$ cat model14.txt   # compact mmCIF, C-alpha atoms and all ligand atoms
# COMPACT_ATOMS: atom_id res chain seq x y z
CA MET A 1 -7.00 -76.08 62.98
CA THR A 2 -6.55 -76.19 66.73
CA ASP A 3 -7.55 -73.26 68.90
CA SER A 4 -4.64 -71.31 70.40
CA PRO A 5 -4.14 -72.23 74.06
CA PRO A 6 -4.74 -69.46 76.62
CA ALA A 7 -1.54 -67.55 77.46
CA ASP A 8 -1.30 -69.02 80.99
CA ALA A 9 -1.93 -72.67 79.93
CA PRO A 10 0.90 -75.18 80.60
CA THR A 11 3.05 -75.58 77.48
CA GLU A 12 2.43 -78.73 75.40
CA PRO A 13 5.02 -81.42 76.12
CA THR A 14 7.70 -81.28 73.39
CA LEU A 15 9.11 -84.43 71.73
CA PRO A 16 11.01 -86.69 74.17
CA VAL A 17 14.56 -85.73 75.13
CA ALA A 18 17.30 -87.61 73.27
CA ARG A 19 19.15 -90.38 75.08
CA PRO A 20 22.95 -90.87 74.72
CA TYR A 21 23.93 -92.09 71.28
CA SER A 22 27.22 -93.69 70.16
CA PRO A 23 27.89 -93.12 66.44
CA GLY A 24 28.69 -96.40 64.70
CA LEU A 25 27.48 -98.13 67.90
CA GLU A 26 31.10 -97.91 69.05
CA GLY A 27 31.39 -99.23 72.61
CA VAL A 28 27.77 -100.45 72.65
CA VAL A 29 27.27 -104.05 73.76
CA ALA A 30 24.73 -105.39 71.24
CA GLY A 31 24.71 -109.10 72.10
CA GLU A 32 26.43 -112.08 73.69
CA THR A 33 28.48 -114.70 71.91
CA SER A 34 30.47 -117.79 72.80
CA LEU A 35 32.00 -118.05 69.32
CA SER A 36 35.06 -115.84 69.49
CA TYR A 37 36.93 -113.55 71.84
CA ILE A 38 39.18 -110.71 70.71
CA ASP A 39 41.70 -109.19 73.10
CA GLY A 40 43.03 -106.26 71.09
CA ALA A 41 45.49 -105.06 73.74
CA ALA A 42 47.26 -108.40 74.06
CA GLY A 43 46.82 -109.49 70.41
CA ARG A 44 44.73 -112.55 71.27
CA LEU A 45 41.95 -114.18 69.24
CA LEU A 46 40.14 -117.28 70.52
CA TYR A 47 37.47 -119.37 68.75
CA ARG A 48 35.36 -121.03 71.46
CA GLY A 49 38.35 -120.59 73.77
CA TYR A 50 40.97 -122.07 71.45
CA ARG A 51 43.93 -119.89 70.36
CA ILE A 52 43.91 -118.95 66.68
CA GLY A 53 47.61 -119.86 66.33
CA ASP A 54 46.93 -123.40 67.58
CA LEU A 55 43.90 -123.79 65.32
CA VAL A 56 45.97 -122.80 62.27
CA GLU A 57 48.83 -125.08 63.27
CA ARG A 58 46.77 -128.15 64.13
CA GLY A 59 43.35 -127.68 62.57
CA THR A 60 41.62 -127.54 59.22
CA TYR A 61 38.86 -125.22 58.01
CA ALA A 62 36.44 -128.16 58.14
CA ALA A 63 37.26 -128.79 61.81
CA VAL A 64 37.12 -125.08 62.68
CA ALA A 65 33.75 -124.60 60.94
CA HIS A 66 32.39 -127.63 62.85
CA LEU A 67 33.78 -126.18 66.09
CA LEU A 68 32.03 -122.86 65.42
CA TRP A 69 28.72 -124.52 64.50
CA THR A 70 28.62 -127.12 67.29
CA GLY A 71 31.18 -126.23 69.97
CA GLU A 72 32.81 -129.65 69.47
CA TRP A 73 36.43 -130.13 68.39
CA ASP A 74 36.82 -132.98 65.91
CA ALA A 75 40.04 -132.79 63.90
CA GLY A 76 38.76 -135.46 61.49
CA GLN A 77 35.85 -133.39 60.12
CA ARG A 78 35.50 -133.24 56.31
CA LEU A 79 33.77 -130.58 54.26
CA PRO A 80 33.90 -131.01 50.47
CA THR A 81 32.47 -128.36 48.14
CA ALA A 82 28.90 -128.94 46.90
CA GLU A 83 27.14 -129.12 43.54
CA ILE A 84 25.60 -125.97 42.12
CA PRO A 85 21.82 -126.39 41.58
CA ARG A 86 20.92 -125.94 37.91
CA PRO A 87 18.81 -122.75 38.36
CA VAL A 88 21.75 -121.15 40.21
CA MET A 89 24.14 -122.08 37.40
CA ASP A 90 21.70 -120.47 34.94
CA VAL A 91 21.79 -117.30 37.02
CA LEU A 92 25.62 -117.33 37.08
CA ARG A 93 25.70 -117.78 33.30
CA ALA A 94 23.37 -114.80 32.90
CA LEU A 95 25.65 -112.41 34.82
CA PRO A 96 27.80 -109.99 32.80
CA SER A 97 31.44 -111.11 32.69
CA GLU A 98 32.49 -107.76 34.15
CA ALA A 99 30.29 -108.26 37.25
CA LYS A 100 32.21 -107.85 40.50
CA PRO A 101 32.93 -111.21 42.16
CA MET A 102 31.23 -110.00 45.38
CA ASP A 103 28.07 -109.19 43.40
CA ALA A 104 28.23 -112.61 41.74
CA LEU A 105 28.66 -114.40 45.07
CA ARG A 106 25.84 -112.45 46.75
CA THR A 107 23.56 -113.20 43.80
CA ALA A 108 24.52 -116.89 43.82
CA VAL A 109 23.75 -117.22 47.55
CA SER A 110 20.40 -115.52 47.05
CA ALA A 111 19.55 -117.78 44.10
CA TRP A 112 20.68 -120.83 46.07
CA GLY A 113 18.27 -119.86 48.87
CA SER A 114 15.40 -119.94 46.38
CA THR A 115 16.22 -123.58 45.54
CA GLN A 116 16.33 -124.84 49.15
CA GLU A 117 13.93 -125.62 51.94
CA LEU A 118 15.35 -123.55 54.77
CA PRO A 119 12.81 -123.80 57.58
CA TRP A 120 13.27 -121.91 60.84
CA PRO A 121 15.29 -122.34 62.97
CA PRO A 122 18.55 -122.59 60.99
CA THR A 123 20.43 -125.87 61.49
CA VAL A 124 24.03 -127.08 61.31
CA GLU A 125 23.05 -128.96 58.13
CA GLN A 126 21.86 -125.72 56.51
CA ALA A 127 25.06 -123.93 57.60
CA ARG A 128 27.18 -126.75 56.20
CA ALA A 129 25.27 -126.89 52.90
CA LEU A 130 25.60 -123.15 52.27
CA THR A 131 29.27 -123.04 53.30
CA ALA A 132 29.96 -125.96 50.91
CA PHE A 133 27.98 -124.42 48.04
CA SER A 134 29.55 -120.95 47.88
CA PRO A 135 33.14 -121.90 46.85
CA SER A 136 31.70 -123.84 43.88
CA ALA A 137 29.66 -120.78 42.89
CA LEU A 138 32.59 -118.36 43.08
CA ALA A 139 34.88 -120.75 41.17
CA ALA A 140 32.19 -121.23 38.50
CA PHE A 141 31.74 -117.48 38.09
CA ALA A 142 35.51 -116.94 37.83
CA ARG A 143 35.68 -119.50 35.01
CA LEU A 144 32.53 -118.38 33.20
CA ARG A 145 33.71 -114.76 33.06
CA SER A 146 36.82 -115.85 31.19
CA GLY A 147 34.91 -118.11 28.80
CA LYS A 148 35.71 -121.42 30.52
CA ASP A 149 33.31 -124.14 31.63
CA PRO A 150 32.67 -124.63 35.35
CA ILE A 151 34.24 -127.71 36.94
CA ASP A 152 32.19 -130.16 39.02
CA PRO A 153 33.17 -130.60 42.68
CA ASP A 154 35.48 -133.48 43.55
CA PRO A 155 34.00 -134.93 46.78
CA SER A 156 37.38 -136.44 47.72
CA LEU A 157 38.82 -132.93 48.21
CA ASP A 158 38.25 -130.66 51.18
CA LEU A 159 36.67 -127.25 50.79
CA THR A 160 39.71 -125.05 50.14
CA THR A 161 41.50 -127.62 47.94
CA GLY A 162 38.26 -128.23 46.08
CA PHE A 163 37.77 -124.50 45.57
CA LEU A 164 41.25 -124.16 43.99
CA TYR A 165 40.62 -127.24 41.84
CA GLN A 166 37.28 -125.89 40.60
CA LEU A 167 38.94 -122.53 39.91
CA THR A 168 42.02 -123.74 38.04
CA GLY A 169 41.26 -127.30 36.92
CA GLU A 170 44.38 -128.49 38.76
CA ARG A 171 44.75 -130.10 42.14
CA PRO A 172 47.00 -127.82 44.20
CA ASP A 173 50.16 -129.09 45.89
CA PRO A 174 49.75 -129.73 49.65
CA GLY A 175 51.68 -126.57 50.65
CA THR A 176 49.42 -124.35 48.55
CA ALA A 177 46.28 -126.09 49.79
CA ARG A 178 47.48 -125.75 53.37
CA ALA A 179 48.18 -122.04 52.93
CA LEU A 180 44.66 -121.31 51.66
CA ASP A 181 43.17 -123.49 54.40
CA ALA A 182 45.09 -121.44 56.99
CA TYR A 183 43.73 -118.24 55.45
CA PHE A 184 40.20 -119.65 55.68
CA ILE A 185 40.77 -120.54 59.35
CA VAL A 186 41.90 -117.02 60.29
CA GLY A 187 39.07 -115.51 58.24
CA ALA A 188 36.35 -117.78 59.62
CA GLU A 189 35.14 -115.64 62.50
CA HIS A 190 35.75 -112.25 64.10
CA SER A 191 32.99 -111.45 66.58
CA PHE A 192 30.48 -108.59 66.05
CA ASN A 193 31.94 -107.01 62.91
CA ALA A 194 29.54 -105.24 60.54
CA SER A 195 28.74 -108.21 58.28
CA THR A 196 28.24 -110.60 61.18
CA PHE A 197 25.94 -108.12 62.89
CA THR A 198 23.98 -107.90 59.62
CA ALA A 199 23.62 -111.69 59.56
CA ARG A 200 22.34 -111.64 63.15
CA VAL A 201 19.83 -108.86 62.48
CA ILE A 202 18.44 -110.77 59.49
CA THR A 203 18.29 -114.01 61.47
CA SER A 204 16.54 -112.24 64.35
CA THR A 205 13.51 -111.63 62.10
CA ARG A 206 13.26 -115.44 61.64
CA SER A 207 14.40 -115.06 58.07
CA ASP A 208 16.55 -117.88 56.63
CA VAL A 209 20.28 -118.51 56.57
CA ALA A 210 20.68 -117.76 52.84
CA SER A 211 19.13 -114.32 53.37
CA ALA A 212 21.42 -113.75 56.37
CA VAL A 213 24.55 -114.64 54.37
CA ALA A 214 23.46 -112.72 51.25
CA GLY A 215 23.00 -109.64 53.45
CA ALA A 216 26.34 -110.23 55.14
CA ILE A 217 28.10 -110.42 51.75
CA GLY A 218 26.49 -107.10 50.82
CA THR A 219 27.91 -105.59 54.01
CA MET A 220 31.35 -107.06 53.47
CA LYS A 221 31.44 -105.61 49.97
CA GLY A 222 32.01 -102.12 51.36
CA PRO A 223 35.65 -101.00 51.18
CA LEU A 224 35.65 -100.19 54.91
CA HIS A 225 35.15 -103.89 55.67
CA GLY A 226 36.53 -106.33 53.11
CA GLY A 227 38.85 -104.55 50.71
CA ALA A 228 42.43 -104.30 52.02
CA PRO A 229 44.52 -107.30 50.80
CA SER A 230 44.41 -106.35 47.12
CA GLU A 231 45.55 -102.86 48.12
CA VAL A 232 48.52 -104.45 49.91
CA VAL A 233 49.43 -106.10 46.60
CA ASP A 234 49.23 -102.72 44.82
CA GLN A 235 51.35 -101.06 47.47
CA LEU A 236 54.07 -103.71 47.39
CA ALA A 237 54.13 -103.41 43.60
CA GLN A 238 54.72 -99.68 44.00
CA VAL A 239 57.55 -100.25 46.50
CA GLY A 240 59.20 -102.43 43.87
CA SER A 241 62.25 -103.58 45.86
CA VAL A 242 63.58 -103.66 49.42
CA GLU A 243 66.15 -100.89 48.68
CA HIS A 244 63.32 -98.48 47.92
CA ALA A 245 61.19 -99.50 50.89
CA GLU A 246 62.28 -96.85 53.38
CA GLU A 247 62.04 -94.00 50.87
CA TRP A 248 58.65 -95.21 49.62
CA VAL A 249 57.20 -95.60 53.10
CA ARG A 250 58.38 -92.13 54.21
CA ASP A 251 57.08 -90.50 51.01
CA ALA A 252 53.70 -92.26 51.29
CA LEU A 253 53.26 -91.12 54.91
CA ALA A 254 54.39 -87.59 53.99
CA ARG A 255 51.64 -87.55 51.33
CA GLY A 256 49.19 -88.45 54.13
CA GLU A 257 48.57 -91.96 52.78
CA ARG A 258 47.89 -94.97 54.95
CA LEU A 259 50.02 -98.08 54.76
CA MET A 260 47.72 -100.92 53.83
CA GLY A 261 47.92 -103.91 56.16
CA PHE A 262 48.83 -101.83 59.22
CA GLY A 263 46.71 -100.50 62.08
CA HIS A 264 43.41 -101.88 63.40
CA ARG A 265 40.36 -100.56 65.22
CA VAL A 266 40.60 -103.27 67.89
CA TYR A 267 44.15 -104.68 67.88
CA ARG A 268 46.87 -102.54 69.40
CA ALA A 269 49.33 -105.45 69.50
CA TYR A 270 50.50 -107.53 66.50
CA ASP A 271 47.37 -109.12 64.97
CA PRO A 272 47.63 -112.83 65.91
CA ARG A 273 46.09 -113.75 62.54
CA ALA A 274 48.92 -111.94 60.74
CA ALA A 275 51.49 -113.85 62.80
CA ALA A 276 49.87 -117.20 61.96
CA LEU A 277 49.59 -116.38 58.24
CA ARG A 278 53.17 -115.12 58.03
CA LYS A 279 54.33 -118.50 59.33
CA VAL A 280 52.22 -120.29 56.72
CA ALA A 281 53.36 -117.98 53.90
CA GLU A 282 56.98 -118.67 54.83
CA GLY A 283 56.30 -122.41 54.62
CA MET A 284 54.76 -122.31 51.13
CA GLU A 285 56.39 -124.40 48.43
CA HIS A 286 55.87 -121.84 45.70
CA LYS A 287 56.49 -118.64 47.61
CA PRO A 288 55.67 -115.54 45.61
CA ASP A 289 58.98 -113.77 44.86
CA TRP A 290 57.93 -110.77 46.75
CA LEU A 291 57.15 -112.59 50.03
CA GLN A 292 60.71 -111.87 51.18
CA MET A 293 60.21 -108.28 50.11
CA ALA A 294 56.92 -108.13 52.05
CA ILE A 295 58.74 -109.35 55.18
CA GLU A 296 61.48 -106.75 54.82
CA VAL A 297 59.06 -103.94 53.92
CA GLU A 298 57.09 -104.84 57.05
CA ASP A 299 60.15 -104.22 59.24
CA VAL A 300 60.71 -100.82 57.64
CA ALA A 301 57.00 -99.89 57.85
CA LEU A 302 56.76 -100.84 61.55
CA ARG A 303 59.87 -98.82 62.37
CA VAL A 304 58.71 -95.71 60.48
CA LEU A 305 55.12 -95.94 61.82
CA ALA A 306 56.48 -96.16 65.39
CA GLU A 307 58.57 -93.07 64.74
CA LYS A 308 55.63 -91.11 63.24
CA HIS A 309 52.99 -92.23 65.74
CA PRO A 310 54.77 -92.84 69.06
CA GLU A 311 51.39 -92.23 70.78
CA ARG A 312 49.52 -94.96 68.90
CA PRO A 313 50.77 -98.52 68.39
CA LEU A 314 50.28 -99.31 64.68
CA ARG A 315 51.09 -102.94 63.99
CA THR A 316 50.71 -105.41 61.15
CA ASN A 317 47.12 -106.59 60.56
CA VAL A 318 45.78 -109.79 58.98
CA GLU A 319 45.42 -108.26 55.51
CA TYR A 320 49.16 -107.75 55.14
CA TYR A 321 49.98 -111.47 55.08
CA ALA A 322 46.65 -112.41 53.50
CA ALA A 323 48.01 -110.73 50.38
CA PRO A 324 51.06 -113.00 49.81
CA VAL A 325 49.05 -116.10 50.73
CA LEU A 326 46.22 -115.30 48.29
CA MET A 327 48.64 -114.25 45.54
CA GLY A 328 50.79 -117.28 46.29
CA VAL A 329 47.91 -119.72 45.76
CA GLY A 330 47.26 -118.05 42.40
CA LEU A 331 44.10 -116.01 43.04
CA ALA A 332 43.44 -112.89 40.97
CA PRO A 333 43.37 -109.85 43.33
CA ASP A 334 39.77 -109.02 42.39
CA LEU A 335 38.75 -112.39 43.90
CA PHE A 336 40.29 -111.56 47.30
CA PRO A 337 37.20 -109.98 48.96
CA ALA A 338 34.89 -112.76 47.74
CA THR A 339 37.37 -115.40 48.94
CA PHE A 340 37.41 -113.69 52.34
CA SER A 341 33.60 -113.96 52.28
CA LEU A 342 33.83 -117.71 51.60
CA ALA A 343 36.02 -118.08 54.67
CA ARG A 344 33.62 -116.00 56.79
CA HIS A 345 30.65 -118.26 55.90
CA ALA A 346 31.50 -120.46 58.91
CA GLY A 347 31.30 -117.48 61.28
CA TRP A 348 28.22 -115.89 59.72
CA THR A 349 26.27 -119.15 59.80
CA ALA A 350 27.48 -119.96 63.33
CA HIS A 351 26.19 -116.55 64.44
CA ALA A 352 22.87 -117.30 62.72
CA LEU A 353 22.63 -120.53 64.78
CA GLU A 354 23.61 -118.73 67.99
CA GLN A 355 21.12 -115.90 67.36
CA ALA A 356 18.30 -118.34 66.60
CA ALA A 357 19.02 -120.42 69.70
CA ASN A 358 18.19 -117.47 71.95
CA ASN A 359 16.34 -115.20 69.60
CA ARG A 360 14.97 -111.77 70.21
CA LEU A 361 14.16 -109.46 67.30
CA ILE A 362 16.98 -106.91 67.02
CA ARG A 363 15.27 -103.56 66.95
CA PRO A 364 17.24 -100.72 68.56
CA ASP A 365 15.97 -97.25 69.36
CA VAL A 366 16.92 -94.07 67.56
CA ASN A 367 16.95 -90.44 68.61
CA TYR A 368 14.59 -88.38 66.48
CA VAL A 369 16.33 -85.14 65.44
CA GLY A 370 13.71 -83.82 62.97
CA PRO A 371 11.19 -80.99 63.32
CA GLU A 372 8.67 -80.78 66.15
CA GLU A 373 5.13 -81.91 65.43
CA ARG A 374 3.59 -79.32 63.07
CA ASP A 375 0.71 -78.66 60.70
CA LEU A 376 1.01 -79.23 56.96
CA PRO A 377 1.37 -75.90 55.14
CA GLY A 378 -1.79 -74.47 53.46
N1 LIG B 401 49.15 -96.04 57.98
C1 LIG B 401 49.49 -94.82 58.39
N2 LIG B 401 48.91 -94.17 59.40
C2 LIG B 401 47.92 -94.81 60.04
C3 LIG B 401 47.50 -96.10 59.66
C4 LIG B 401 48.17 -96.72 58.59
N3 LIG B 401 47.83 -97.92 58.18
N4 LIG B 401 46.49 -96.50 60.47
C5 LIG B 401 46.26 -95.48 61.31
N5 LIG B 401 47.13 -94.46 61.07
C6 LIG B 401 47.21 -93.19 61.76
C7 LIG B 401 46.14 -92.23 61.28
O1 LIG B 401 46.59 -91.44 60.19
C8 LIG B 401 45.86 -91.41 62.50
O2 LIG B 401 46.85 -90.40 62.60
P1 LIG B 401 46.48 -88.88 62.94
O3 LIG B 401 45.86 -88.96 64.31
O4 LIG B 401 47.80 -88.20 62.89
O5 LIG B 401 45.51 -88.47 61.88
C9 LIG B 401 46.06 -92.39 63.65
O6 LIG B 401 46.92 -93.42 63.14
C10 LIG B 401 44.74 -93.01 64.12
O7 LIG B 401 44.01 -93.46 63.00
P2 LIG B 401 42.46 -93.89 63.05
O8 LIG B 401 41.90 -93.83 61.68
O9 LIG B 401 41.76 -93.13 64.13
O10 LIG B 401 42.59 -95.36 63.53
P3 LIG B 401 41.45 -96.44 63.43
O11 LIG B 401 41.61 -97.32 64.60
O12 LIG B 401 40.11 -95.85 63.23
O13 LIG B 401 41.85 -97.15 62.06
C11 LIG B 401 42.14 -98.69 60.33
C12 LIG B 401 41.87 -98.49 61.84
C13 LIG B 401 42.27 -100.19 60.06
C14 LIG B 401 40.95 -98.13 59.53
C15 LIG B 401 43.44 -97.95 59.94
O14 LIG B 401 44.50 -98.38 60.74
C16 LIG B 401 43.77 -98.09 58.45
O15 LIG B 401 43.23 -97.33 57.63
N6 LIG B 401 44.67 -99.06 58.08
C17 LIG B 401 45.00 -99.29 56.69
C18 LIG B 401 43.95 -100.13 56.00
C19 LIG B 401 43.96 -101.59 56.44
O16 LIG B 401 45.00 -102.21 56.55
N7 LIG B 401 42.75 -102.11 56.70
C20 LIG B 401 42.56 -103.49 57.09
C21 LIG B 401 42.19 -103.60 58.53
S1 LIG B 401 42.05 -105.29 59.03
$ encode --input "model14.txt" --output "structure tokens" --more "lines below"
Ligand code: COA
Amino acid sequence: MTDSPPADAPTEPTLPVARPYSPGLEGVVAGETSLSYIDGAAGRLLYRGYRIGDLVERGTYAAVAHLLWTGEWDAGQRLPTAEIPRPVMDVLRALPSEAKPMDALRTAVSAWGSTQELPWPPTVEQARALTAFSPSALAAFARLRSGKDPIDPDPSLDLTTGFLYQLTGERPDPGTARALDAYFIVGAEHSFNASTFTARVITSTRSDVASAVAGAIGTMKGPLHGGAPSEVVDQLAQVGSVEHAEEWVRDALARGERLMGFGHRVYRAYDPRAAALRKVAEGMEHKPDWLQMAIEVEDVALRVLAEKHPERPLRTNVEYYAAPVLMGVGLAPDLFPATFSLARHAGWTAHALEQAANNRLIRPDVNYVGPEERDLPG
């Protein structure tokens, strides 16, 4: 017990005064990157200065991943999928068939890390090995859960083609392969989003790249980050046909629902990734029947959203056209978020390299809002 201070003694200093806090770290600059630049007002996205539309038109995922990892543009880069180490395959076989694909992928990446030497600092070779491993793991899980045997990688195929081959057992036609590759390019990197920030925090402790990516997958699993394209599929199924589009859109908004695939925290203009994917979807050999419907529903949705929210530009986002591309290449909707994670491996690992190259442990401050210092009762 402390003695009571005399009545005229200066009061004890209280706990320090809180400093300004931005919930969700909105508006806080938490790092520097040369990997990508988002200009939400003008609808621009650049990877190392190159426009996303040009990268989709003229690049491949292999070349884009190499660009992100090294800063060098080499259109001839190749990136086949990799073998699954035996202990990792054992882990995949042990998972329940009803496991969520994101849980399976996160587990596979973690198990993979336990089979590798991943000394600090992370390297391009480590980034490449992990990015090449994960599509094989997701394809294997998708087959195992429906009682089929996993398929070995075909080193003559590039990553996205190889992924589809290992998933279905068939080599996709060039249009289908191209469409998925384009999706991987637009999904490869998007600055300091929540999962990328997670990967950087983990890397900043000098942990390894598998831990960084496993953590990032856990972050992307949340519905606020990685969930929208399968909801676009559900919504288009509810619309049913173009004739019902206007009525459906108005009713949905009247019920207070959000139109999936529209609006964005950063983009106020048309999401450049949506524009690039729409082009690719329109060029697909086996277009899903409802691609035309999606295009027409988009026109209606944009018109009605502009009418309802004249104060706030609500435009098409990347998820809207991700849906027809992913459906069109034959993926089950519950694989969409994990496939998005495969695409984002290039960005996550590139951020791990960038963080490590100029590392400082990420350890922000927090405002304490609990009780003043006090004595335990009794
Ligand atoms: N459909 C209908 N109305 C929408 C909308 C949408 N997709 N997106 C935003 N709005 C409306 C909100 O209802 C809100 O209106 P109010 O002020 O009358 O309540 C206003 O626009 C602002 O919304 P807010 O949630 O503050 O915008 P945000 O910038 O935080 O939201 C998203 C960004 C992406 C969360 C939001 O646009 C959304 O939920 N979109 C649908 C889901 C989706 O496509 N997600 C993938 C993003 S890549």
$ residues_near_point --input "model14.txt" --point "(40.8, -132.6, 52.4)" --cutoff "12 Å" --atoms "only C-alpha atoms" --output "short mmCIF file (atom, residue, chain, number, x, y, z; two decimals) with C-alpha atoms, in the coordinates of the input"
data_model
loop_
_atom_site.label_atom_id
_atom_site.label_comp_id
_atom_site.auth_asym_id
_atom_site.auth_seq_id
_atom_site.Cartn_x
_atom_site.Cartn_y
_atom_site.Cartn_z
CA GLY A 59 43.35 -127.68 62.57
CA THR A 60 41.62 -127.54 59.22
CA TYR A 61 38.86 -125.22 58.01
CA ALA A 62 36.44 -128.16 58.14
CA ALA A 63 37.26 -128.79 61.81
CA ALA A 75 40.04 -132.79 63.90
CA GLY A 76 38.76 -135.46 61.49
CA GLN A 77 35.85 -133.39 60.12
CA ARG A 78 35.50 -133.24 56.31
CA LEU A 79 33.77 -130.58 54.26
CA PRO A 80 33.90 -131.01 50.47
CA THR A 81 32.47 -128.36 48.14
CA ASP A 154 35.48 -133.48 43.55
CA PRO A 155 34.00 -134.93 46.78
CA SER A 156 37.38 -136.44 47.72
CA LEU A 157 38.82 -132.93 48.21
CA ASP A 158 38.25 -130.66 51.18
CA LEU A 159 36.67 -127.25 50.79
CA THR A 160 39.71 -125.05 50.14
CA THR A 161 41.50 -127.62 47.94
CA GLY A 162 38.26 -128.23 46.08
CA PHE A 163 37.77 -124.50 45.57
CA LEU A 164 41.25 -124.16 43.99
CA TYR A 165 40.62 -127.24 41.84
CA ARG A 171 44.75 -130.10 42.14
CA PRO A 172 47.00 -127.82 44.20
CA ASP A 173 50.16 -129.09 45.89
CA PRO A 174 49.75 -129.73 49.65
CA ALA A 177 46.28 -126.09 49.79
CA ARG A 178 47.48 -125.75 53.37
CA LEU A 180 44.66 -121.31 51.66
CA ASP A 181 43.17 -123.49 54.40
#
$ residues_near_ligand --input "model14.txt" --ligand "ligand LIG 401 (chain B)" --cutoff "9 Å" --atoms "only C-alpha atoms and all ligand atoms" --output "JSON, numbers by chain"
{"A": [224, 225, 226, 227, 228, 229, 231, 232, 252, 253, 256, 257, 258, 259, 260, 261, 262, 263, 264, 265, 266, 267, 268, 271, 301, 305, 308, 309, 311, 312, 313, 314, 315, 316, 317, 318, 319, 320]}
$ atom_distance --input "model14.txt" --atom1 "atom CA of A:Ser110" --atom2 "atom CA of A:Lys148"
23.3 Å
$ atom_distance --input "model14.txt" --atom1 "atom CA of A:Gly49" --atom2 "atom CA of A:Gly71"
9.9 Å
$ residues_around --input "model14.txt" --residues "A:Pro135" --least-positions-apart "5" --cutoff "12 Å" --atoms "only C-alpha atoms" --output "VMD selection string"
chain A and resid 79 to 84 101 104 to 106 108 to 109 129 to 130 140 to 142 150 to 153 158 to 167 184 335 338 to 345
$ decode --input "model14.txt" --residues "stretch 246-260 of chain A" --atoms "N, CA and C atoms" --output "compact mmCIF listing (two decimals), in the first residue's frame"
# COMPACT_ATOMS: atom_id res chain seq x y z
N GLU A 246 -33.13 -4.95 -65.33
CA GLU A 246 -33.45 -3.65 -64.74
C GLU A 246 -34.30 -3.83 -63.47
N GLU A 247 -35.31 -4.70 -63.57
CA GLU A 247 -36.20 -4.93 -62.44
C GLU A 247 -35.40 -5.51 -61.26
N TRP A 248 -34.53 -6.48 -61.58
CA TRP A 248 -33.77 -7.14 -60.52
C TRP A 248 -32.83 -6.16 -59.82
N VAL A 249 -32.16 -5.35 -60.63
CA VAL A 249 -31.21 -4.39 -60.06
C VAL A 249 -31.94 -3.39 -59.16
N ARG A 250 -33.06 -2.86 -59.64
CA ARG A 250 -33.82 -1.88 -58.83
C ARG A 250 -34.33 -2.52 -57.54
N ASP A 251 -34.85 -3.76 -57.64
CA ASP A 251 -35.37 -4.43 -56.45
C ASP A 251 -34.24 -4.67 -55.44
N ALA A 252 -33.09 -5.13 -55.95
CA ALA A 252 -31.96 -5.44 -55.06
C ALA A 252 -31.53 -4.18 -54.31
N LEU A 253 -31.43 -3.06 -55.04
CA LEU A 253 -31.00 -1.81 -54.39
C LEU A 253 -32.07 -1.33 -53.40
N ALA A 254 -33.35 -1.53 -53.77
CA ALA A 254 -34.44 -1.13 -52.86
C ALA A 254 -34.38 -1.95 -51.56
N ARG A 255 -33.94 -3.21 -51.68
CA ARG A 255 -33.80 -4.05 -50.46
C ARG A 255 -32.54 -3.67 -49.68
N GLY A 256 -31.76 -2.72 -50.19
CA GLY A 256 -30.54 -2.28 -49.51
C GLY A 256 -29.35 -3.18 -49.80
N GLU A 257 -29.48 -4.03 -50.83
CA GLU A 257 -28.35 -4.92 -51.15
C GLU A 257 -27.30 -4.18 -51.97
N ARG A 258 -26.10 -4.74 -51.97
CA ARG A 258 -25.04 -4.18 -52.82
C ARG A 258 -24.91 -5.02 -54.07
N LEU A 259 -24.60 -4.37 -55.17
CA LEU A 259 -24.38 -5.11 -56.41
C LEU A 259 -22.93 -5.57 -56.41
N MET A 260 -22.75 -6.87 -56.46
CA MET A 260 -21.40 -7.43 -56.40
C MET A 260 -20.66 -7.10 -57.69
